[in-house]
Every structure is written in C-alpha cells, then in structure tokens.
$ cat my_file-v8.pdb   # PDB, C-alpha atoms
ATOM      1  CA  TRP A   1      -2.028  17.054 132.723  1.00  0.00           C
ATOM      2  CA  TYR A   2      -0.027  18.613 129.976  1.00  0.00           C
ATOM      3  CA  GLN A   3       3.531  18.156 128.796  1.00  0.00           C
ATOM      4  CA  ARG A   4       5.872  20.221 126.716  1.00  0.00           C
ATOM      5  CA  ARG A   5       9.385  19.794 125.479  1.00  0.00           C
ATOM      6  CA  VAL A   6      11.875  22.276 126.979  1.00  0.00           C
ATOM      7  CA  ARG A   7      15.111  21.798 125.065  1.00  0.00           C
ATOM      8  CA  GLU A   8      16.092  18.294 126.237  1.00  0.00           C
ATOM      9  CA  ALA A   9      13.627  18.183 129.146  1.00  0.00           C
ATOM     10  CA  VAL A  10       9.948  17.331 129.295  1.00  0.00           C
ATOM     11  CA  VAL A  11       8.027  19.402 131.843  1.00  0.00           C
ATOM     12  CA  SER A  12       4.720  17.946 133.042  1.00  0.00           C
ATOM     13  CA  THR A  13       2.247  19.945 135.106  1.00  0.00           C
ATOM     14  CA  GLN A  14      -1.023  19.051 136.807  1.00  0.00           C
ATOM     15  CA  SER A  15      -3.500  21.372 138.520  1.00  0.00           C
ATOM     16  CA  THR A  16      -4.566  20.197 141.956  1.00  0.00           C
ATOM     17  CA  GLY A  17      -7.932  20.639 143.633  1.00  0.00           C
ATOM     18  CA  ASP A  18      -6.635  23.323 146.022  1.00  0.00           C
ATOM     19  CA  GLY A  19      -5.566  25.693 143.226  1.00  0.00           C
ATOM     20  CA  SER A  20      -1.876  24.802 143.252  1.00  0.00           C
ATOM     21  CA  THR A  21       0.067  23.174 140.438  1.00  0.00           C
ATOM     22  CA  LEU A  22       2.454  20.237 140.593  1.00  0.00           C
ATOM     23  CA  ALA A  23       5.302  20.054 138.089  1.00  0.00           C
ATOM     24  CA  SER A  24       7.883  17.443 137.263  1.00  0.00           C
ATOM     25  CA  ILE A  25      10.830  17.390 134.907  1.00  0.00           C
ATOM     26  CA  SER A  26      11.944  14.216 133.169  1.00  0.00           C
ATOM     27  CA  VAL A  27      15.538  13.281 132.542  1.00  0.00           C
ATOM     28  CA  GLY A  28      17.233  14.216 129.296  1.00  0.00           C
ATOM     29  CA  CYS A  29      18.753  17.435 130.546  1.00  0.00           C
ATOM     30  CA  TRP A  30      21.707  17.916 132.886  1.00  0.00           C
ATOM     31  CA  VAL A  31      20.566  20.311 135.618  1.00  0.00           C
ATOM     32  CA  THR A  32      17.035  21.253 136.714  1.00  0.00           C
ATOM     33  CA  CYS A  33      15.576  23.179 139.633  1.00  0.00           C
ATOM     34  CA  PHE A  34      12.883  25.663 140.508  1.00  0.00           C
ATOM     35  CA  VAL A  35      13.699  29.341 140.955  1.00  0.00           C
ATOM     36  CA  PRO A  36      13.165  29.948 144.696  1.00  0.00           C
ATOM     37  CA  GLY A  37       9.732  31.394 145.488  1.00  0.00           C
ATOM     38  CA  SER A  38       8.349  31.047 141.969  1.00  0.00           C
ATOM     39  CA  THR A  39       7.065  28.595 139.374  1.00  0.00           C
ATOM     40  CA  GLU A  40      10.005  29.326 137.075  1.00  0.00           C
ATOM     41  CA  VAL A  41      12.264  26.422 136.131  1.00  0.00           C
ATOM     42  CA  MET A  42      16.012  26.371 135.437  1.00  0.00           C
ATOM     43  CA  VAL A  43      17.040  23.786 132.812  1.00  0.00           C
ATOM     44  CA  SER A  44      20.432  23.190 131.194  1.00  0.00           C
ATOM     45  CA  ASP A  45      21.139  21.397 127.953  1.00  0.00           C
ATOM     46  CA  ASP A  46      24.860  20.816 128.096  1.00  0.00           C
ATOM     47  CA  SER A  47      26.665  24.203 128.300  1.00  0.00           C
ATOM     48  CA  THR A  48      23.710  26.622 128.273  1.00  0.00           C
ATOM     49  CA  LEU A  49      21.268  27.364 131.097  1.00  0.00           C
ATOM     50  CA  TYR A  50      17.667  28.466 130.479  1.00  0.00           C
ATOM     51  CA  ARG A  51      15.028  29.997 132.755  1.00  0.00           C
ATOM     52  CA  TYR A  52      11.495  29.023 131.734  1.00  0.00           C
ATOM     53  CA  ASP A  53       8.058  29.930 132.957  1.00  0.00           C
ATOM     54  CA  GLY A  54       7.166  26.633 134.631  1.00  0.00           C
ATOM     55  CA  LEU A  55       3.477  27.010 133.741  1.00  0.00           C
ATOM     56  CA  GLY A  56       3.820  28.323 130.206  1.00  0.00           C
ATOM     57  CA  GLU A  57       5.968  27.979 127.117  1.00  0.00           C
ATOM     58  CA  GLU A  58       8.074  31.117 127.476  1.00  0.00           C
ATOM     59  CA  ASN A  59      11.882  31.076 127.679  1.00  0.00           C
ATOM     60  CA  LEU A  60      12.498  33.973 130.077  1.00  0.00           C
ATOM     61  CA  MET A  61      16.309  34.078 129.926  1.00  0.00           C
ATOM     62  CA  THR A  62      19.322  32.281 128.455  1.00  0.00           C
ATOM     63  CA  TYR A  63      22.617  32.109 130.366  1.00  0.00           C
ATOM     64  CA  LYS A  64      25.728  31.451 128.240  1.00  0.00           C
ATOM     65  CA  GLY A  65      29.414  31.272 129.054  1.00  0.00           C
ATOM     66  CA  HIS A  66      30.369  27.676 129.770  1.00  0.00           C
ATOM     67  CA  SER A  67      32.095  25.557 127.132  1.00  0.00           C
ATOM     68  CA  GLY A  68      31.386  22.259 128.924  1.00  0.00           C
ATOM     69  CA  LYS A  69      28.371  20.549 130.450  1.00  0.00           C
ATOM     70  CA  ILE A  70      26.824  22.421 133.398  1.00  0.00           C
ATOM     71  CA  THR A  71      27.018  20.087 136.395  1.00  0.00           C
ATOM     72  CA  GLY A  72      25.329  22.115 139.128  1.00  0.00           C
ATOM     73  CA  LEU A  73      23.762  25.407 140.130  1.00  0.00           C
ATOM     74  CA  VAL A  74      22.877  27.313 143.278  1.00  0.00           C
ATOM     75  CA  PHE A  75      21.164  30.617 143.945  1.00  0.00           C
ATOM     76  CA  VAL A  76      23.098  33.201 146.015  1.00  0.00           C
ATOM     77  CA  ASN A  77      22.860  36.855 147.074  1.00  0.00           C
ATOM     78  CA  GLU A  78      19.171  36.688 147.985  1.00  0.00           C
ATOM     79  CA  ASN A  79      18.428  34.791 144.735  1.00  0.00           C
ATOM     80  CA  LYS A  80      19.753  37.661 142.586  1.00  0.00           C
ATOM     81  CA  ASN A  81      22.629  35.569 141.228  1.00  0.00           C
ATOM     82  CA  ILE A  82      23.180  32.000 140.047  1.00  0.00           C
ATOM     83  CA  LEU A  83      26.465  30.145 140.533  1.00  0.00           C
ATOM     84  CA  THR A  84      27.084  27.297 138.096  1.00  0.00           C
ATOM     85  CA  SER A  85      29.737  24.584 137.953  1.00  0.00           C
ATOM     86  CA  SER A  86      30.834  22.945 134.728  1.00  0.00           C
ATOM     87  CA  ASP A  87      32.920  20.241 133.105  1.00  0.00           C
ATOM     88  CA  ASP A  88      34.915  23.077 131.507  1.00  0.00           C
ATOM     89  CA  GLY A  89      36.621  23.572 134.909  1.00  0.00           C
ATOM     90  CA  THR A  90      34.969  26.911 135.683  1.00  0.00           C
ATOM     91  CA  ILE A  91      32.497  28.297 138.180  1.00  0.00           C
ATOM     92  CA  ARG A  92      30.438  31.187 136.844  1.00  0.00           C
ATOM     93  CA  MET A  93      28.134  33.736 138.447  1.00  0.00           C
ATOM     94  CA  PHE A  94      25.193  35.027 136.413  1.00  0.00           C
ATOM     95  CA  ASP A  95      22.764  37.842 137.090  1.00  0.00           C
ATOM     96  CA  VAL A  96      19.325  36.183 137.247  1.00  0.00           C
ATOM     97  CA  LEU A  97      17.438  39.037 135.553  1.00  0.00           C
ATOM     98  CA  SER A  98      19.878  40.129 132.815  1.00  0.00           C
ATOM     99  CA  GLY A  99      21.536  36.762 132.095  1.00  0.00           C
ATOM    100  CA  GLU A 100      24.948  38.440 132.154  1.00  0.00           C
ATOM    101  CA  CYS A 101      27.936  36.407 133.323  1.00  0.00           C
ATOM    102  CA  ILE A 102      29.342  38.743 135.972  1.00  0.00           C
ATOM    103  CA  TYR A 103      32.149  36.540 137.318  1.00  0.00           C
ATOM    104  CA  ALA A 104      34.114  33.473 136.237  1.00  0.00           C
ATOM    105  CA  PHE A 105      36.449  31.489 138.500  1.00  0.00           C
ATOM    106  CA  PHE A 106      39.113  29.381 136.814  1.00  0.00           C
ATOM    107  CA  ASN A 107      42.146  27.634 138.260  1.00  0.00           C
ATOM    108  CA  HIS A 108      44.711  26.429 135.720  1.00  0.00           C
ATOM    109  CA  ARG A 109      44.909  23.080 137.584  1.00  0.00           C
ATOM    110  CA  SER A 110      41.158  22.677 137.645  1.00  0.00           C
ATOM    111  CA  GLU A 111      39.470  19.863 135.825  1.00  0.00           C
ATOM    112  CA  ASN A 112      35.755  19.107 135.684  1.00  0.00           C
ATOM    113  CA  VAL A 113      33.955  20.926 138.511  1.00  0.00           C
ATOM    114  CA  ARG A 114      31.448  18.242 139.474  1.00  0.00           C
ATOM    115  CA  ARG A 115      29.041  19.925 141.894  1.00  0.00           C
ATOM    116  CA  ILE A 116      28.389  23.167 143.688  1.00  0.00           C
ATOM    117  CA  ALA A 117      26.817  23.757 147.096  1.00  0.00           C
ATOM    118  CA  VAL A 118      26.168  26.837 149.237  1.00  0.00           C
ATOM    119  CA  ASN A 119      25.763  27.159 153.007  1.00  0.00           C
ATOM    120  CA  SER A 120      22.450  28.326 154.480  1.00  0.00           C
ATOM    121  CA  SER A 121      23.523  31.977 154.784  1.00  0.00           C
ATOM    122  CA  GLY A 122      24.859  32.048 151.211  1.00  0.00           C
ATOM    123  CA  SER A 123      28.266  33.238 152.365  1.00  0.00           C
ATOM    124  CA  LEU A 124      30.337  30.166 151.418  1.00  0.00           C
ATOM    125  CA  VAL A 125      30.355  27.943 148.354  1.00  0.00           C
ATOM    126  CA  LEU A 126      31.932  24.478 148.024  1.00  0.00           C
ATOM    127  CA  ALA A 127      32.871  23.073 144.620  1.00  0.00           C
ATOM    128  CA  PRO A 128      34.825  19.806 144.210  1.00  0.00           C
ATOM    129  CA  ASN A 129      36.475  18.880 140.937  1.00  0.00           C
ATOM    130  CA  SER A 130      37.516  15.579 139.383  1.00  0.00           C
ATOM    131  CA  ASN A 131      41.231  15.917 140.194  1.00  0.00           C
ATOM    132  CA  GLY A 132      40.577  15.957 143.958  1.00  0.00           C
ATOM    133  CA  MET A 133      40.582  19.708 144.606  1.00  0.00           C
ATOM    134  CA  LEU A 134      37.879  21.325 146.716  1.00  0.00           C
ATOM    135  CA  TYR A 135      37.235  25.035 146.213  1.00  0.00           C
ATOM    136  CA  LEU A 136      35.858  27.141 149.057  1.00  0.00           C
ATOM    137  CA  LEU A 137      34.626  30.472 147.681  1.00  0.00           C
ATOM    138  CA  SER A 138      32.795  33.488 149.059  1.00  0.00           C
ATOM    139  CA  PRO A 139      30.379  34.911 146.479  1.00  0.00           C
TER     140      PRO A 139
END

$ encode --input "my_file-v8.pdb" --output "structure tokens"
Amino acid sequence: WYQRRVREAVVSTQSTGDGSTLASISVGCWVTCFVPGSTEVMVSDDSTLYRYDGLGEENLMTYKGHSGKITGLVFVNENKNILTSSDDGTIRMFDVLSGECIYAFFNHRSENVRRIAVNSSGSLVLAPNSNGMLYLLSP
C-alpha cells in the first residue's frame, strides 16, 4: 500500500497478485472519478479540476474556469471532453488533453447546478439546479 496527498484528496493504491492495481480516494475533495479506460484520476478541490496519474505523483492537467465548487462531471464525445457542473450556476465543457474551457452554459436564472448526468450514447445531458430548473443539453 502507499498513499499520497492529491490537493484535498488522499489516493491509496495496492498492487494485487494478478498484476492489477486497486485505488481508492478518501473524502476531502468534492468530485472524484477515474478517466474511462485508464488509471488516471479526476479530482476537484472546490472550483478547479485536476487530472492525475492514478499510479504516480504527476498532475497531468489543470482545468480552470468555475468560480464556485464543482459539483459533478461527466465524460462526453468519446471521452475527448469533460462536462462539469458547479455552484457558480454554470456548466462548462473542457478539452481533456489541452485543459481549455471550450464552452460555458449560463442561464441568468440559474442557481447552483447540483449534478450532471449523460445518457449512454452521450447525446443528452441532464443538469438540475437548486431553484428547481432542469437543463436538457446536447453536447
């Protein structure tokens, strides 16, 4: 076993007998997930999202643009883009490789966007906010 501090998260990994590695992330950060098909980990610490090598110490990319806590993320467009929701009332799309924010959705009546979900084909996104609105978007 080994542990390391990743911003506000602690990532623990353990090698298994069959050559694979198990990883877990402790609380202390807002959003965590694995990058599909890899050992890379997405971790947010309030308004910034980070992509880390899940088996090493390297920060591979930083994604900035939100002014409030990131509340959710999903991968879209064959895992080339990340959609994030935030307490700042926005939904943002980032390029996974460059970290560039390539789209931001904002509605002047929007309050905290609490979650974000995508359908299995990646063609529709649902995002509810705290004032009872539900956004249906097509990335």

$ closest_residue --input "my_file-v8.pdb" --among "A:Gly122, A:Pro128, A:Gly89, A:Gly54" --to "Ser67 (chain A)" --atoms "only C-alpha atoms"
A:Gly89

$ residues_around --input "my_file-v8.pdb" --residues "region 105-112 of chain A" --least-positions-apart "5" --cutoff "8 Å" --atoms "all atoms listed in the file" --output "list in words"
Ser86, Asp87, Asp88, Gly89, Thr90, Ile91, Arg92, Asn129, Ser130, Asn131 and Met133 of chain A

$ residues_near_point --input "my_file-v8.pdb" --point "(10.7, 35.3, 129.3)" --cutoff "12 Å" --atoms "all atoms listed in the file" --output "list of chain:residue names"
A:Glu40, A:Val41, A:Tyr50, A:Arg51, A:Tyr52, A:Asp53, A:Gly54, A:Leu55, A:Gly56, A:Glu57, A:Glu58, A:Asn59, A:Leu60, A:Met61, A:Thr62, A:Val96, A:Leu97, A:Ser98, A:Gly99

$ resolve_selection --input "my_file-v8.pdb" --expression "the PyMOL selection byres ((chain A and resi 43) around 6)" --output "count of residues only"
6

$ closest_residue --input "my_file-v8.pdb" --among "A:Phe34, A:Tyr63, A:Tyr135, A:Phe75" --to "Asp46 (chain A)" --atoms "only C-alpha atoms"
A:Tyr63

$ residues_around --input "my_file-v8.pdb" --residues "Ser121 (chain A)" --least-positions-apart "5" --cutoff "12 Å" --atoms "all atoms listed in the file" --output "list in words"
Phe75, Val76, Asn77, Glu78, Asn79, Ser138 and Pro139 of chain A

$ closest_residue --input "my_file-v8.pdb" --among "A:Thr84, A:Val74, A:Val118, A:Val35" --to "Ser47 (chain A)" --atoms "all atoms listed in the file"
A:Thr84

$ atom_distance --input "my_file-v8.pdb" --atom1 "CA of Ala117 (chain A)" --atom2 "CA of Thr39 (chain A)"
21.8 Å

$ atom_distance --input "my_file-v8.pdb" --atom1 "CA of Leu126 (chain A)" --atom2 "CA of Ser38 (chain A)"
25.2 Å

$ atom_distance --input "my_file-v8.pdb" --atom1 "CA of Gly72 (chain A)" --atom2 "CA of Ser123 (chain A)"
17.5 Å

$ closest_residue --input "my_file-v8.pdb" --among "A:Pro36, A:Asn119, A:His66, A:Ala127" --to "Lys80 (chain A)" --atoms "all atoms listed in the file"
A:Pro36

$ closest_residue --input "my_file-v8.pdb" --among "A:Ile102, A:Leu83, A:Asp45, A:Val113" --to "Gly132 (chain A)" --atoms "all atoms listed in the file"
A:Val113

$ decode --input "my_file-v8.pdb" --residues "region 117-131 of chain A" --atoms "N, CA and C atoms" --output "PDB file, in the first residue's frame"
ATOM      1  N   ALA A 117     -25.520  14.583 -15.522  1.00  0.00           N
ATOM      2  CA  ALA A 117     -25.596  13.189 -15.951  1.00  0.00           C
ATOM      3  C   ALA A 117     -25.722  13.165 -17.468  1.00  0.00           C
ATOM      4  N   VAL A 118     -25.222  12.092 -18.082  1.00  0.00           N
ATOM      5  CA  VAL A 118     -25.276  11.952 -19.536  1.00  0.00           C
ATOM      6  C   VAL A 118     -25.909  10.606 -19.872  1.00  0.00           C
ATOM      7  N   ASN A 119     -26.661  10.558 -20.986  1.00  0.00           N
ATOM      8  CA  ASN A 119     -27.246   9.274 -21.389  1.00  0.00           C
ATOM      9  C   ASN A 119     -26.166   8.376 -21.991  1.00  0.00           C
ATOM     10  N   SER A 120     -26.499   7.113 -22.220  1.00  0.00           N
ATOM     11  CA  SER A 120     -25.495   6.127 -22.628  1.00  0.00           C
ATOM     12  C   SER A 120     -24.853   6.443 -23.971  1.00  0.00           C
ATOM     13  N   SER A 121     -25.538   7.116 -24.862  1.00  0.00           N
ATOM     14  CA  SER A 121     -24.942   7.460 -26.162  1.00  0.00           C
ATOM     15  C   SER A 121     -24.155   8.766 -26.106  1.00  0.00           C
ATOM     16  N   GLY A 122     -24.276   9.502 -25.005  1.00  0.00           N
ATOM     17  CA  GLY A 122     -23.560  10.773 -24.868  1.00  0.00           C
ATOM     18  C   GLY A 122     -24.211  11.917 -25.606  1.00  0.00           C
ATOM     19  N   SER A 123     -25.437  11.731 -26.065  1.00  0.00           N
ATOM     20  CA  SER A 123     -26.082  12.764 -26.874  1.00  0.00           C
ATOM     21  C   SER A 123     -26.933  13.744 -26.066  1.00  0.00           C
ATOM     22  N   LEU A 124     -27.283  13.399 -24.838  1.00  0.00           N
ATOM     23  CA  LEU A 124     -28.097  14.272 -23.995  1.00  0.00           C
ATOM     24  C   LEU A 124     -27.515  14.368 -22.594  1.00  0.00           C
ATOM     25  N   VAL A 125     -27.589  15.560 -22.037  1.00  0.00           N
ATOM     26  CA  VAL A 125     -27.072  15.820 -20.696  1.00  0.00           C
ATOM     27  C   VAL A 125     -28.200  16.411 -19.852  1.00  0.00           C
ATOM     28  N   LEU A 126     -28.365  15.929 -18.631  1.00  0.00           N
ATOM     29  CA  LEU A 126     -29.304  16.484 -17.666  1.00  0.00           C
ATOM     30  C   LEU A 126     -28.528  17.175 -16.564  1.00  0.00           C
ATOM     31  N   ALA A 127     -29.007  18.367 -16.154  1.00  0.00           N
ATOM     32  CA  ALA A 127     -28.353  19.095 -15.073  1.00  0.00           C
ATOM     33  C   ALA A 127     -29.404  19.866 -14.281  1.00  0.00           C
ATOM     34  N   PRO A 128     -29.756  19.398 -13.075  1.00  0.00           N
ATOM     35  CA  PRO A 128     -30.705  20.128 -12.235  1.00  0.00           C
ATOM     36  C   PRO A 128     -29.993  21.197 -11.411  1.00  0.00           C
ATOM     37  N   ASN A 129     -30.722  22.277 -11.099  1.00  0.00           N
ATOM     38  CA  ASN A 129     -30.120  23.273 -10.220  1.00  0.00           C
ATOM     39  C   ASN A 129     -30.985  23.455  -8.979  1.00  0.00           C
ATOM     40  N   SER A 130     -30.515  24.263  -8.048  1.00  0.00           N
ATOM     41  CA  SER A 130     -31.158  24.372  -6.739  1.00  0.00           C
ATOM     42  C   SER A 130     -32.446  25.179  -6.764  1.00  0.00           C
ATOM     43  N   ASN A 131     -32.743  25.911  -7.840  1.00  0.00           N
ATOM     44  CA  ASN A 131     -34.011  26.639  -7.878  1.00  0.00           C
ATOM     45  C   ASN A 131     -35.075  25.892  -8.699  1.00  0.00           C
TER      46      ASN A 131
END
